[in-house]
Each structure stands twice: as structure tokens, then as C-alpha cells.
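Asker: Provided herewith: work_18.cif, mmCIF, C-alpha atoms.
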```
data_entry
loop_
_atom_site.group_PDB
_atom_site.id
_atom_site.type_symbol
_atom_site.label_atom_id
_atom_site.label_comp_id
_atom_site.auth_asym_id
_atom_site.auth_seq_id
_atom_site.Cartn_x
_atom_site.Cartn_y
_atom_site.Cartn_z
ATOM 1 C CA GLY Y 1 -94.249 53.970 -19.743
ATOM 2 C CA ASP Y 2 -93.601 51.182 -22.195
ATOM 3 C CA PRO Y 3 -94.966 47.787 -20.985
ATOM 4 C CA ARG Y 4 -91.537 46.263 -21.654
ATOM 5 C CA ASP Y 5 -89.943 48.839 -19.342
ATOM 6 C CA ARG Y 6 -92.509 48.053 -16.637
ATOM 7 C CA LEU Y 7 -91.650 44.358 -17.065
ATOM 8 C CA MET Y 8 -88.007 45.245 -16.371
ATOM 9 C CA VAL Y 9 -89.058 46.992 -13.144
ATOM 10 C CA GLN Y 10 -91.148 43.973 -12.126
ATOM 11 C CA LEU Y 11 -88.239 41.581 -12.712
ATOM 12 C CA ALA Y 12 -86.000 43.732 -10.499
ATOM 13 C CA LEU Y 13 -88.592 44.228 -7.757
ATOM 14 C CA LEU Y 14 -90.378 40.860 -7.688
ATOM 15 C CA CYS Y 15 -87.476 38.576 -8.601
ATOM 16 C CA GLY Y 16 -84.543 40.591 -7.254
ATOM 17 C CA LEU Y 17 -82.724 40.640 -10.586
ATOM 18 C CA ARG Y 18 -79.653 42.784 -11.232
ATOM 19 C CA VAL Y 19 -79.734 44.947 -14.391
ATOM 20 C CA HIS Y 20 -77.435 42.571 -16.290
ATOM 21 C CA GLU Y 21 -79.729 39.680 -15.315
ATOM 22 C CA VAL Y 22 -82.816 41.572 -16.506
ATOM 23 C CA ALA Y 23 -81.067 42.291 -19.803
ATOM 24 C CA ARG Y 24 -80.420 38.566 -20.373
ATOM 25 C CA VAL Y 25 -83.879 37.165 -19.535
ATOM 26 C CA HIS Y 26 -84.687 34.624 -22.233
ATOM 27 C CA GLY Y 27 -87.947 32.830 -23.004
ATOM 28 C CA GLY Y 28 -86.095 29.523 -22.825
ATOM 29 C CA ASP Y 29 -85.205 30.244 -19.189
ATOM 30 C CA VAL Y 30 -88.818 29.907 -18.021
ATOM 31 C CA GLU Y 31 -89.148 26.421 -16.531
ATOM 32 C CA GLY Y 32 -92.590 25.637 -15.156
ATOM 33 C CA ASP Y 33 -93.293 28.520 -12.789
ATOM 34 C CA GLN Y 34 -89.641 29.430 -12.311
ATOM 35 C CA LEU Y 35 -87.010 31.510 -14.063
ATOM 36 C CA ARG Y 36 -83.426 30.393 -14.584
ATOM 37 C CA VAL Y 37 -81.317 33.502 -13.915
ATOM 38 C CA HIS Y 38 -77.821 33.959 -15.340
ATOM 39 C CA GLY Y 39 -75.969 35.771 -12.569
ATOM 40 C CA LYS Y 40 -72.474 36.980 -11.812
ATOM 41 C CA ARG Y 41 -69.434 34.910 -12.766
ATOM 42 C CA GLY Y 42 -71.543 32.486 -14.812
ATOM 43 C CA ARG Y 43 -73.549 31.306 -11.799
ATOM 44 C CA VAL Y 44 -77.120 30.248 -12.470
ATOM 45 C CA ARG Y 45 -79.942 30.300 -9.937
ATOM 46 C CA VAL Y 46 -83.635 29.515 -10.158
ATOM 47 C CA VAL Y 47 -86.177 32.059 -8.901
ATOM 48 C CA PRO Y 48 -89.924 31.406 -8.510
ATOM 49 C CA LEU Y 49 -92.038 33.604 -10.793
ATOM 50 C CA PRO Y 50 -95.059 35.404 -9.340
ATOM 51 C CA PRO Y 51 -98.207 34.743 -11.441
ATOM 52 C CA ALA Y 52 -98.189 38.116 -13.256
ATOM 53 C CA LEU Y 53 -94.597 37.614 -14.385
ATOM 54 C CA LEU Y 54 -95.237 34.009 -15.342
ATOM 55 C CA LEU Y 55 -98.059 35.209 -17.619
ATOM 56 C CA ALA Y 56 -95.842 37.916 -19.119
ATOM 57 C CA LEU Y 57 -92.942 35.530 -19.826
ATOM 58 C CA ARG Y 58 -94.527 32.162 -20.603
ATOM 59 C CA GLY Y 59 -94.464 31.171 -24.265
ATOM 60 C CA ARG Y 60 -91.819 33.701 -25.270
ATOM 61 C CA SER Y 61 -88.887 32.660 -27.378
ATOM 62 C CA GLY Y 62 -85.566 34.411 -27.587
ATOM 63 C CA PHE Y 63 -84.439 37.300 -25.435
ATOM 64 C CA VAL Y 64 -87.320 39.147 -23.779
ATOM 65 C CA PHE Y 65 -85.482 42.453 -24.303
ATOM 66 C CA PRO Y 66 -83.774 42.053 -27.699
ATOM 67 C CA GLY Y 67 -80.949 44.414 -28.563
ATOM 68 C CA GLN Y 68 -77.435 44.818 -29.922
ATOM 69 C CA ASP Y 69 -75.483 43.436 -26.908
ATOM 70 C CA GLY Y 70 -75.159 39.740 -27.743
ATOM 71 C CA GLY Y 71 -78.770 39.706 -28.918
ATOM 72 C CA HIS Y 72 -80.208 41.497 -25.870
ATOM 73 C CA LEU Y 73 -80.252 45.033 -24.466
ATOM 74 C CA SER Y 74 -77.129 46.197 -22.669
ATOM 75 C CA PRO Y 75 -77.221 46.471 -18.865
ATOM 76 C CA ALA Y 76 -76.652 50.238 -19.260
ATOM 77 C CA THR Y 77 -79.790 50.527 -21.408
ATOM 78 C CA VAL Y 78 -81.816 48.514 -18.886
ATOM 79 C CA GLN Y 79 -80.457 50.770 -16.102
ATOM 80 C CA LYS Y 80 -81.642 53.880 -17.990
ATOM 81 C CA LYS Y 81 -85.047 52.464 -18.890
ATOM 82 C CA ILE Y 82 -85.792 51.376 -15.300
ATOM 83 C CA GLY Y 83 -84.364 54.637 -13.939
ATOM 84 C CA ARG Y 84 -86.835 56.687 -15.987
ATOM 85 C CA LEU Y 85 -89.754 54.966 -14.254
ATOM 86 C CA MET Y 86 -88.407 55.319 -10.718
ATOM 87 C CA PRO Y 87 -89.292 58.001 -8.194
ATOM 88 C CA GLU Y 88 -86.522 60.177 -6.748
ATOM 89 C CA GLY Y 89 -83.980 58.148 -4.784
ATOM 90 C CA TRP Y 90 -84.863 54.799 -6.382
ATOM 91 C CA THR Y 91 -82.591 52.842 -8.721
ATOM 92 C CA PRO Y 92 -82.691 49.329 -10.161
ATOM 93 C CA HIS Y 93 -80.445 48.275 -7.283
ATOM 94 C CA THR Y 94 -82.752 49.744 -4.619
ATOM 95 C CA LEU Y 95 -85.506 47.615 -6.209
ATOM 96 C CA ARG Y 96 -83.278 44.576 -5.630
ATOM 97 C CA HIS Y 97 -82.765 45.633 -2.007
ATOM 98 C CA ALA Y 98 -86.541 46.049 -1.564
ATOM 99 C CA ALA Y 99 -87.082 42.570 -3.047
ATOM 100 C CA ALA Y 100 -84.495 41.113 -0.669
ATOM 101 C CA GLU Y 101 -86.062 42.755 2.365
ATOM 102 C CA ALA Y 102 -89.557 41.535 1.424
ATOM 103 C CA VAL Y 103 -88.394 37.944 0.813
ATOM 104 C CA TYR Y 104 -86.399 37.997 4.047
ATOM 105 C CA GLU Y 105 -89.414 39.136 6.085
ATOM 106 C CA GLU Y 106 -91.920 36.837 4.349
ATOM 107 C CA SER Y 107 -89.596 33.844 4.796
ATOM 108 C CA GLY Y 108 -89.553 34.336 8.568
ATOM 109 C CA CYS Y 109 -86.143 36.032 8.365
ATOM 110 C CA ASP Y 110 -84.516 33.071 6.616
ATOM 111 C CA LEU Y 111 -81.153 34.495 5.584
ATOM 112 C CA PHE Y 112 -80.262 31.395 3.558
ATOM 113 C CA ALA Y 113 -83.501 31.486 1.528
ATOM 114 C CA THR Y 114 -82.846 35.181 0.852
ATOM 115 C CA GLN Y 115 -79.244 34.381 -0.113
ATOM 116 C CA ALA Y 116 -80.457 31.783 -2.640
ATOM 117 C CA PHE Y 117 -83.061 34.243 -3.984
ATOM 118 C CA LEU Y 118 -80.407 36.911 -4.581
ATOM 119 C CA GLY Y 119 -77.759 34.508 -5.888
ATOM 120 C CA HIS Y 120 -75.105 35.506 -3.378
ATOM 121 C CA SER Y 121 -72.227 33.102 -2.755
ATOM 122 C CA LYS Y 122 -71.752 34.324 0.844
ATOM 123 C CA PRO Y 123 -74.344 35.039 3.554
ATOM 124 C CA GLU Y 124 -72.265 38.073 4.583
ATOM 125 C CA THR Y 125 -73.193 39.739 1.296
ATOM 126 C CA THR Y 126 -76.897 39.009 1.802
ATOM 127 C CA ARG Y 127 -76.700 40.365 5.348
ATOM 128 C CA ARG Y 128 -76.017 43.834 3.933
ATOM 129 C CA TYR Y 129 -79.392 43.695 2.157
ATOM 130 C CA VAL Y 130 -81.589 42.888 5.144
ATOM 131 C CA PRO Y 131 -82.219 44.788 8.380
ATOM 132 C CA VAL Y 132 -82.151 43.317 11.858
ATOM 133 C CA GLN Y 133 -85.776 42.976 12.874
ATOM 134 C CA ARG Y 134 -85.515 44.672 16.294
ATOM 135 C CA LYS Y 135 -89.112 43.858 17.325
ATOM 136 C CA ARG Y 136 -88.665 40.246 16.230
ATOM 137 C CA LEU Y 137 -85.354 40.037 18.101
ATOM 138 C CA ARG Y 138 -86.913 41.480 21.272
ATOM 139 C CA ARG Y 139 -89.845 39.054 21.083
ATOM 140 C CA ALA Y 140 -87.458 36.113 20.580
ATOM 141 C CA VAL Y 141 -85.280 37.119 23.547
ATOM 142 C CA LEU Y 142 -88.317 37.523 25.825
ATOM 143 C CA GLU Y 143 -89.739 34.163 24.696
ATOM 144 C CA ALA Y 144 -86.366 32.484 25.212
ATOM 145 C CA ALA Y 145 -86.137 33.968 28.723
ATOM 146 C CA ARG Y 146 -89.427 32.260 29.619
ATOM 147 C CA ARG Y 147 -87.596 28.913 29.392
ATOM 148 C CA TRP Y 148 -85.743 29.784 32.590
ATOM 149 C CA PRO Y 149 -88.297 31.518 34.813
ATOM 150 C CA ASP Y 150 -86.154 31.118 37.914
ATOM 151 C CA ALA Y 151 -83.075 32.786 36.370
ATOM 152 C CA GLY Y 152 -84.320 36.312 37.028
#
```
Could you quickly redo this structure as C-alpha cells?

Answerer:
Amino acid sequence: GDPRDRLMVQLALLCGLRVHEVARVHGGDVEGDQLRVHGKRGRVRVVPLPPALLLALRGRSGFVFPGQDGGHLSPATVQKKIGRLMPEGWTPHTLRHAAAEAVYEESGCDLFATQAFLGHSKPETTRRYVPVQRKRLRRAVLEAARRWPDAG
């Protein structure tokens, strides 16, 4: 596929961006090693950029995906372009879910870090993106029980 289309996939998977956020990525939004993301309802969040994305975006000016929707591609166009590169059952939004799950696990199951990453206003929304880590929960309960050895 087109390298620009692959960049769209990377932004969704590695940075957890929604299609309308991918569409609006602008060179001026790269700050150091971070990306300023224009989310829902005018909210802005800052997401760290992995090295490969930093290289792909650094030094760009203007919209990264120029088009006829306010100067950038429309979210519907981004949706189609990403969709063409996805295997069966995957969508741009499942990429966002995969990003959320990976950040959640790598952060030690920090729901609030994951919430900030995704740009959710409520932790309840983020909770729908991440699974309960049953093994981690079991290990935590067994470790906690060791505090009171005489209780059993």
C-alpha cells in the first residue's frame, strides 16, 4: 500500500488516534517527541510519538494528509484507506482498541494513563477498552492474602 496509508495505520495503532484525529494530523502539532492531538469536542491531548512516527512526522508543515475537508482528508476517506490495509475483522477503531490494551498492559494496568492516552473524559469509557487481567488479579489477591497469614 501507499506509505501515507501505512502512516495512517501506524497513527491509529501506535498512538490510539481516531479516524478524525488521523485526518487532522498537522506538522505543526509535533512538539519535541510528542504529538498534539485534536480530539472530540475540541479537546486537545498530547501523545508521545514512537521513534518511527517521530521520524515520519518531524519537519513536516501543513496537514500530513492534505485534502478537501478543511485542508485535510475527510474522516470517511481515512476510514476507507485504513480499512483497505486491514485483515478481515479489523477496522481503524479496533486498532485504537489494540493500542489501548497495549498501553494499559505496558503501564502496569494504569487506567488513568490509558485514559489520558485515549483522550477520554471519563475512566468508565476507557474501562470498555481494556480487559480485566485475570492472572494479574489472581496474583494480586494471593499476594495480598499473605499479609494476613493467620486469617486462613

Asker: Quick one: everything within 10 Å of Val132 in chain Y, counting only C-alpha atoms, minus sequence neighbours fewer than 5 positions away in the same chain. Send it as number ranges by chain.

Answerer: Y: 109, 127, 137

Asker: Provide an axis-aligned box for all listed atoms of range 64-73 of chain Y, padding each side by 5 Å; report its centre and its edge lengths in Å to one decimal, as AutoDock Vina command-line options.

Answerer:
```
--center_x -81.2 --center_y 42.1 --center_z -26.9 --size_x 22.2 --size_y 15.9 --size_z 16.1
```

Asker: Counting all atoms listed in the file, which residue out of Y:Gly16, Y:Gly83, Y:Gly39, Y:Gly28 sits closest to Ser121 in chain Y?

Answerer: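 Closest to Ser121 in chain Y, using all atoms listed in the file: Y:Gly39.
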
Asker: With all atoms listed in the file as the basis for distance, which of Y:Lys122, Y:His26, Y:Arg147, Y:Arg6 is at the shortest distance from Ser61 in chain Y?

Answerer: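 Using all atoms listed in the file, Ser61 in chain Y sits closest to Y:His26.
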
Asker: Counting all atoms listed in the file, figure out which residue out of Y:Pro51, Y:Gly108, Y:Thr114, Y:Ala12 gets nearest to Arg136 in chain Y.

Answerer: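 Of the candidates, the smallest distance to Arg136 in chain Y is held by Y:Gly108.
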
Asker: From the list Y:Val64, Y:Gln133, Y:Leu35, Y:Leu13, which residue is nearest Trp90 in chain Y when using only C-alpha atoms?

Answerer: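 Result for the nearest residue to Trp90 in chain Y: Y:Leu13.
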
Asker: Please evaluate the PyMOL selection byres ((chain Y and resi 48) around 12) against the structure above and give the resulting residues as a list of chain:residue names.

Answerer: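 Residues picked by the PyMOL selection byres ((chain Y and resi 48) around 12): Y:Leu11, Y:Leu14, Y:Cys15, Y:Gly16, Y:Leu17, Y:Asp29, Y:Val30, Y:Glu31, Y:Gly32, Y:Asp33, Y:Gln34, Y:Leu35, Y:Arg36, Y:Val37, Y:Arg45, Y:Val46, Y:Val47, Y:Leu49, Y:Pro50, Y:Pro51, Y:Ala52, Y:Leu53, Y:Leu54, Y:Val103, Y:Ala113, Y:Ala116, Y:Phe117, Y:Leu118.
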
Asker: Would you mind exporting C-alpha atoms of the selected residues as a CSV table (one decimal), in the coordinates of the input?

Answerer:
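Generated file (part-v9.csv):
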```csv
chain,number,residue,atom,x,y,z
Y,11,LEU,CA,-88.2,41.6,-12.7
Y,14,LEU,CA,-90.4,40.9,-7.7
Y,15,CYS,CA,-87.5,38.6,-8.6
Y,16,GLY,CA,-84.5,40.6,-7.3
Y,17,LEU,CA,-82.7,40.6,-10.6
Y,29,ASP,CA,-85.2,30.2,-19.2
Y,30,VAL,CA,-88.8,29.9,-18.0
Y,31,GLU,CA,-89.1,26.4,-16.5
Y,32,GLY,CA,-92.6,25.6,-15.2
Y,33,ASP,CA,-93.3,28.5,-12.8
Y,34,GLN,CA,-89.6,29.4,-12.3
Y,35,LEU,CA,-87.0,31.5,-14.1
Y,36,ARG,CA,-83.4,30.4,-14.6
Y,37,VAL,CA,-81.3,33.5,-13.9
Y,45,ARG,CA,-79.9,30.3,-9.9
Y,46,VAL,CA,-83.6,29.5,-10.2
Y,47,VAL,CA,-86.2,32.1,-8.9
Y,49,LEU,CA,-92.0,33.6,-10.8
Y,50,PRO,CA,-95.1,35.4,-9.3
Y,51,PRO,CA,-98.2,34.7,-11.4
Y,52,ALA,CA,-98.2,38.1,-13.3
Y,53,LEU,CA,-94.6,37.6,-14.4
Y,54,LEU,CA,-95.2,34.0,-15.3
Y,103,VAL,CA,-88.4,37.9,0.8
Y,113,ALA,CA,-83.5,31.5,1.5
Y,116,ALA,CA,-80.5,31.8,-2.6
Y,117,PHE,CA,-83.1,34.2,-4.0
Y,118,LEU,CA,-80.4,36.9,-4.6
```

Asker: Taking the file as I've supplied it (selection: the PyMOL selection byres ((chain Y and resi 77) around 12)), which residues are included? Please answer as an mmCIF file with C-alpha atoms, in the coordinates of the input.

Answerer:
```
data_model
loop_
_atom_site.group_PDB
_atom_site.id
_atom_site.type_symbol
_atom_site.label_atom_id
_atom_site.label_comp_id
_atom_site.auth_asym_id
_atom_site.auth_seq_id
_atom_site.Cartn_x
_atom_site.Cartn_y
_atom_site.Cartn_z
ATOM 1 C CA ASP Y 5 -89.943 48.839 -19.342
ATOM 2 C CA MET Y 8 -88.007 45.245 -16.371
ATOM 3 C CA VAL Y 19 -79.734 44.947 -14.391
ATOM 4 C CA HIS Y 20 -77.435 42.571 -16.290
ATOM 5 C CA VAL Y 22 -82.816 41.572 -16.506
ATOM 6 C CA ALA Y 23 -81.067 42.291 -19.803
ATOM 7 C CA PHE Y 65 -85.482 42.453 -24.303
ATOM 8 C CA PRO Y 66 -83.774 42.053 -27.699
ATOM 9 C CA GLY Y 67 -80.949 44.414 -28.563
ATOM 10 C CA GLN Y 68 -77.435 44.818 -29.922
ATOM 11 C CA ASP Y 69 -75.483 43.436 -26.908
ATOM 12 C CA HIS Y 72 -80.208 41.497 -25.870
ATOM 13 C CA LEU Y 73 -80.252 45.033 -24.466
ATOM 14 C CA SER Y 74 -77.129 46.197 -22.669
ATOM 15 C CA PRO Y 75 -77.221 46.471 -18.865
ATOM 16 C CA ALA Y 76 -76.652 50.238 -19.260
ATOM 17 C CA VAL Y 78 -81.816 48.514 -18.886
ATOM 18 C CA GLN Y 79 -80.457 50.770 -16.102
ATOM 19 C CA LYS Y 80 -81.642 53.880 -17.990
ATOM 20 C CA LYS Y 81 -85.047 52.464 -18.890
ATOM 21 C CA ILE Y 82 -85.792 51.376 -15.300
ATOM 22 C CA GLY Y 83 -84.364 54.637 -13.939
ATOM 23 C CA ARG Y 84 -86.835 56.687 -15.987
ATOM 24 C CA PRO Y 92 -82.691 49.329 -10.161
#
```

Asker: Quick one: pull the distance between CA of Arg41 in chain Y and CA of Gly27 in chain Y, Å, one decimal.

Answerer: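 So the answer is 21.3 Å.
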
Asker: Just to confirm, what's the straight-line distance from CA of Glu21 in chain Y to CA of Val44 in chain Y in Å (one decimal)?

Answerer: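 Rounded to one decimal, the two atoms are 10.2 Å apart.
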
Asker: Between CA of Pro131 in chain Y and CA of Ala99 in chain Y, what is the spacing in Å?

Answerer: 12.6 Å

Asker: Using all atoms listed in the file, can you tell me which of Y:Leu111, Y:Ala100, Y:Leu7, Y:Leu85 comes closest to Leu57 in chain Y?

Answerer: Y:Leu7

Asker: For each of Y:Arg18, Y:Arg139, Y:Lys40, Y:Arg58, take the minimum atom-to-atom distance to His93 in chain Y, counting only C-alpha atoms, then give the residue where this is smallest.

Answerer: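 Among the listed residues, the smallest separation from His93 in chain Y belongs to Y:Arg18.
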